[in-house]
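Student: After the structure tokens below, expect a handful of questions from me.
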Amino acid sequence: MAIVTRFAPSPTGMLHVGGVRTALFSWLYARRMGGKFILRIEDTDRERSTDEAVRVILDGMKWCDLQADEGPYYQTQRFDRYKEVIRGMLDDGTAYHCYCTKQELDAMREQQIARKEKPRYTGICRDRTTPRDGVAPVVRFRNPTDGAVIVEDLVHGAVTFQNTELDDLIIARSDGTPTYNFCVVVDDMDMNVTHVIRGDDHLNNTPRQMNMLLALGAKPPVYAHVPMILGPDGAKLSKRHGAVSVLQYQEEGFLPDALLNYLVRLGWSHGDQEIFSREEMISAFDIHDVNKAASAFNPEKLLWLNQQHMMRAAPAALVPHLQFQLARLGLDSDNQALLEGVIVAQRERAKTLKEMAQNSRFFFTDQLEMDPKAVAKHLTPAAMPLLQQVRERLAALTEWTATTVHTALNDLATQLQAGLGKIAQPLRVAVAGSAVSPPIDATLALLGRDRTLARIDAALKQ
Ligand code: GLU
């Protein structure tokens, strides 16, 4: 049987890491099983859905490179189909018109609460055969009244719901629009979804959805309800914890592979392996191994993983990410050799691409921002003669590489009986504008002779 999974976000809030992890599990399982992954936008709630949220879903999925084999489908484009299914259900009696008014339903509810019963629709319109004047009916699903639904959940195990606990769900409102739980059912059926992987906040919807699928003659899919992600303090993940739009992680300089690696390990493990490439995730992942305990989001660990992925990636693969961050700083470069060289020189000392770009501005602009403290400390009048000598040594080099630069600076230090640091710091401030840069030889090699000498000259003239 071909595996079909889907990610079905509602565009009512920004796609955040919780949603991305659900998408990732669905995507991974489809990839692992050689199946199909569908993207479906559940935009039936027109008042709460926004175009911006749809855009974040599409851009976020693209940035994460979680490619869908089918879709995006939009539920708002499938209303004719839902209505057709509702007509069929009314015809075969698995659904019925309900003419109860809001006042009647409220009264029913109050009486039940007064009797300390669970409020539910009692089913008075189930056997009604005639319309009621002046009342536009809703359509309700005729839920079985006895027996139980057992959800054989891959994460939670068997969960039993008594049908007496499930009342007759409204599947179409009085204006004819279909309701959310019903659309999900029709879509999962029409799209031949075999595995529904979603947040466990949906577990309570599942028995109703299964009953509707059975009433429609469809085989319910296999369900896997994955636990929520909590904040580091154990509370539900919120904006404060990083439940921000997934695109903010791009802006903050994370690699999509690092974010996915971080998310896959929340609730799933494979021995004690921490770092996974995409390919490794695909070959090791199994939805059956996801555990049901909620896991806490740990920003420190994400940062650590990001750096690990930066260290392991081919420099060329990081170039577009660095370019993206440079562009945010108003800098642009398509000097591939420089970009790759900066990545190699800087990746040990930055946890994000954003940090790397900030620390690397001086490679990409000649408008140096001079750190006044570093200038006051290292570009002192006393340091100028030294800097002058450094300039002469460097200018005399016939070949300009990290090695020749290193040798020249070392020789000068030996000759002056000074530590290399004494020479390197004024030089560093002169070329980088601050007292922090990669090793000075690598820094100069990347800057090249002309830019290095010009910057030293500018410092000497100060
Ligand atoms: N649209 C639902 C949500 O965003 C998911 C429903 C489902 O996966 O069945 O929470």
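Here's how to read the names in the structure tokens: chain A, B, ... by the order shown, residue numbers from 1 in each chain, ligand numbers from 1 in the order shown.
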Within 7 Å of ligand 1, which residues of chain A come that close, and what is the closest atom pair and distance in Å for each? Count only C-alpha atoms and all ligand atoms and give it as CSV.

Tutor:
```
residue,atom,partner,partner_atom_place_in_ligand_line,distance
A:Phe7,CA,ligand 1,8 (O),6.1
A:Ala8,CA,ligand 1,8 (O),4.7
A:Pro9,CA,ligand 1,4 (O),3.6
A:Ser10,CA,ligand 1,4 (O),4.0
A:Glu42,CA,ligand 1,1 (N),5.3
A:Val184,CA,ligand 1,9 (O),6.1
A:Val196,CA,ligand 1,8 (O),6.8
A:Ile197,CA,ligand 1,8 (O),6.7
A:Arg198,CA,ligand 1,8 (O),4.8
A:Gly199,CA,ligand 1,10 (O),6.9
A:His202,CA,ligand 1,6 (C),6.9
```

Student: Those selected residues, please, written with N, CA and C atoms and delivered as a PDB file, in the first residue's frame.

Tutor:
```pdb
ATOM      1  N   PHE A   7       0.126  17.456   5.489  1.00  0.00           N
ATOM      2  CA  PHE A   7       0.235  18.502   6.503  1.00  0.00           C
ATOM      3  C   PHE A   7      -0.897  19.453   6.199  1.00  0.00           C
ATOM      4  N   ALA A   8      -1.707  19.738   7.221  1.00  0.00           N
ATOM      5  CA  ALA A   8      -2.957  20.462   6.965  1.00  0.00           C
ATOM      6  C   ALA A   8      -3.111  21.664   7.888  1.00  0.00           C
ATOM      7  N   PRO A   9      -2.250  22.648   7.757  1.00  0.00           N
ATOM      8  CA  PRO A   9      -2.311  23.785   8.680  1.00  0.00           C
ATOM      9  C   PRO A   9      -3.510  24.701   8.421  1.00  0.00           C
ATOM     10  N   SER A  10      -4.018  25.284   9.494  1.00  0.00           N
ATOM     11  CA  SER A  10      -5.038  26.327   9.367  1.00  0.00           C
ATOM     12  C   SER A  10      -4.305  27.666   9.362  1.00  0.00           C
ATOM     13  N   GLU A  42      -6.049  24.585   5.391  1.00  0.00           N
ATOM     14  CA  GLU A  42      -7.400  24.451   5.944  1.00  0.00           C
ATOM     15  C   GLU A  42      -7.948  25.825   6.289  1.00  0.00           C
ATOM     16  N   VAL A 184     -12.202  18.112   6.867  1.00  0.00           N
ATOM     17  CA  VAL A 184     -11.017  17.269   7.069  1.00  0.00           C
ATOM     18  C   VAL A 184     -11.327  15.838   6.640  1.00  0.00           C
ATOM     19  N   VAL A 196      -2.527   9.959   9.138  1.00  0.00           N
ATOM     20  CA  VAL A 196      -2.746  11.327   9.613  1.00  0.00           C
ATOM     21  C   VAL A 196      -1.808  11.552  10.793  1.00  0.00           C
ATOM     22  N   ILE A 197      -0.833  12.412  10.573  1.00  0.00           N
ATOM     23  CA  ILE A 197       0.115  12.751  11.646  1.00  0.00           C
ATOM     24  C   ILE A 197      -0.191  14.196  12.008  1.00  0.00           C
ATOM     25  N   ARG A 198      -0.608  14.431  13.244  1.00  0.00           N
ATOM     26  CA  ARG A 198      -0.977  15.800  13.633  1.00  0.00           C
ATOM     27  C   ARG A 198      -0.807  15.976  15.131  1.00  0.00           C
ATOM     28  N   GLY A 199      -0.991  17.189  15.587  1.00  0.00           N
ATOM     29  CA  GLY A 199      -0.810  17.503  16.999  1.00  0.00           C
ATOM     30  C   GLY A 199      -1.840  16.776  17.855  1.00  0.00           C
ATOM     31  N   HIS A 202      -5.643  17.362  18.575  1.00  0.00           N
ATOM     32  CA  HIS A 202      -6.725  16.908  17.696  1.00  0.00           C
ATOM     33  C   HIS A 202      -7.241  15.510  18.030  1.00  0.00           C
TER      34      HIS A 202
END
```

Student: Enumerate the residues of stretch 121-248 of chain A with a DSSP assignment of strand (DSSP E or B), computed from the backbone, and present them as JSON, numbers by chain.

Tutor: {"A": [138, 139, 140, 141, 148, 149, 150, 151, 152, 153, 157, 158, 159, 160, 161, 162, 170, 171, 172, 178, 195, 196, 197, 198, 199, 222, 223, 224, 225, 226, 229, 230, 236]}

Student: Selected residues, C-alpha atoms, written as a CSV table (one decimal), in the first residue's frame, please.

Tutor:
```
chain,number,residue,atom,x,y,z
A,138,VAL,CA,-28.0,23.1,10.0
A,139,VAL,CA,-27.0,19.7,9.0
A,140,ARG,CA,-25.9,17.2,11.6
A,141,PHE,CA,-24.0,13.9,11.3
A,148,ALA,CA,-17.2,2.6,21.0
A,149,VAL,CA,-14.6,4.0,18.7
A,150,ILE,CA,-11.1,2.8,19.3
A,151,VAL,CA,-8.3,5.0,17.9
A,152,GLU,CA,-5.3,2.8,17.5
A,153,ASP,CA,-3.0,5.7,17.7
A,157,GLY,CA,-1.7,3.5,21.8
A,158,ALA,CA,-5.3,2.4,21.8
A,159,VAL,CA,-7.6,5.2,22.9
A,160,THR,CA,-11.3,4.3,23.4
A,161,PHE,CA,-14.2,6.7,23.1
A,162,GLN,CA,-17.8,5.7,23.8
A,170,ILE,CA,-22.9,20.0,12.9
A,171,ILE,CA,-21.4,19.4,9.4
A,172,ALA,CA,-23.0,22.3,7.6
A,178,PRO,CA,-19.4,23.1,5.8
A,195,HIS,CA,-1.5,8.3,7.8
A,196,VAL,CA,-2.7,11.3,9.6
A,197,ILE,CA,0.1,12.8,11.6
A,198,ARG,CA,-1.0,15.8,13.6
A,199,GLY,CA,-0.8,17.5,17.0
A,222,VAL,CA,-3.9,5.4,10.6
A,223,TYR,CA,-3.5,8.2,13.2
A,224,ALA,CA,-0.4,9.4,15.0
A,225,HIS,CA,-1.0,12.3,17.4
A,226,VAL,CA,2.3,13.8,18.2
A,229,ILE,CA,6.2,21.3,22.2
A,230,LEU,CA,6.4,23.1,25.5
A,236,LYS,CA,2.6,25.7,26.4
```

Student: Taking 2 positions as the minimum chain separation for residues in the same chain, which residues sit within 7 Å of A:Gly35 when counting only C-alpha atoms? Answer as a list of chain:residue names.

Tutor: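 Returned residues: A:Ala2, A:Ile3, A:Val4, A:Ala30, A:Arg31, A:Met33, A:Phe37.
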
Student: List every residue of stretch 147-211 of chain A that DSSP, applied to the backbone of this structure, places in alpha helix (DSSP H), and write the result as number ranges by chain.

Tutor: A: 180-190, 206-211

Student: Need the shell around stretch 54-56 of chain A: protein/DNA/RNA residues with any atom at most 7 Å away, counting only C-alpha atoms. Skip same-chain ones fewer than 3 positions apart. Format as a CSV table (one decimal) with all heavy atoms, in the first residue's frame?

Tutor:
```csv
chain,number,residue,atom,x,y,z
A,11,PRO,N,-4.5,28.5,8.4
A,11,PRO,CA,-3.8,29.8,8.3
A,11,PRO,C,-4.4,30.8,9.2
A,11,PRO,O,-4.7,31.9,8.8
A,11,PRO,CB,-3.9,30.1,6.8
A,11,PRO,CG,-5.2,29.5,6.4
A,11,PRO,CD,-5.4,28.3,7.2
A,14,MET,N,0.5,32.3,12.7
A,14,MET,CA,1.7,32.1,11.9
A,14,MET,C,2.3,30.7,12.1
A,14,MET,O,2.3,30.2,13.2
A,14,MET,CB,2.8,33.1,12.3
A,14,MET,CG,2.4,34.5,12.0
A,14,MET,SD,2.2,34.7,10.2
A,14,MET,CE,0.9,36.0,10.3
A,15,LEU,N,2.7,30.1,11.0
A,15,LEU,CA,3.4,28.8,11.1
A,15,LEU,C,4.6,28.9,12.0
A,15,LEU,O,5.5,29.7,11.8
A,15,LEU,CB,3.8,28.3,9.7
A,15,LEU,CG,4.5,26.9,9.7
A,15,LEU,CD1,3.7,25.8,10.2
A,15,LEU,CD2,5.1,26.7,8.3
A,50,THR,N,-5.8,34.3,7.3
A,50,THR,CA,-5.3,35.5,6.7
A,50,THR,C,-4.3,35.1,5.5
A,50,THR,O,-3.7,34.1,5.6
A,50,THR,CB,-4.4,36.4,7.7
A,50,THR,OG1,-3.3,35.7,8.1
A,50,THR,CG2,-5.3,36.8,8.9
A,51,ASP,N,-4.2,36.0,4.6
A,51,ASP,CA,-3.3,35.8,3.4
A,51,ASP,C,-1.9,35.7,3.9
A,51,ASP,O,-1.0,35.0,3.4
A,51,ASP,CB,-3.4,36.9,2.4
A,51,ASP,CG,-4.8,36.9,1.7
A,51,ASP,OD1,-5.5,35.8,1.8
A,51,ASP,OD2,-5.1,37.9,1.1
A,59,ASP,N,6.0,30.0,2.2
A,59,ASP,CA,7.4,30.4,2.3
A,59,ASP,C,8.2,29.6,3.3
A,59,ASP,O,9.3,29.2,3.0
A,59,ASP,CB,7.6,31.9,2.6
A,59,ASP,CG,7.1,32.8,1.4
A,59,ASP,OD1,6.7,32.2,0.4
A,59,ASP,OD2,7.1,34.0,1.6
A,60,GLY,N,7.5,29.3,4.4
A,60,GLY,CA,8.2,28.5,5.5
A,60,GLY,C,8.5,27.1,5.0
A,60,GLY,O,9.6,26.6,5.2
```
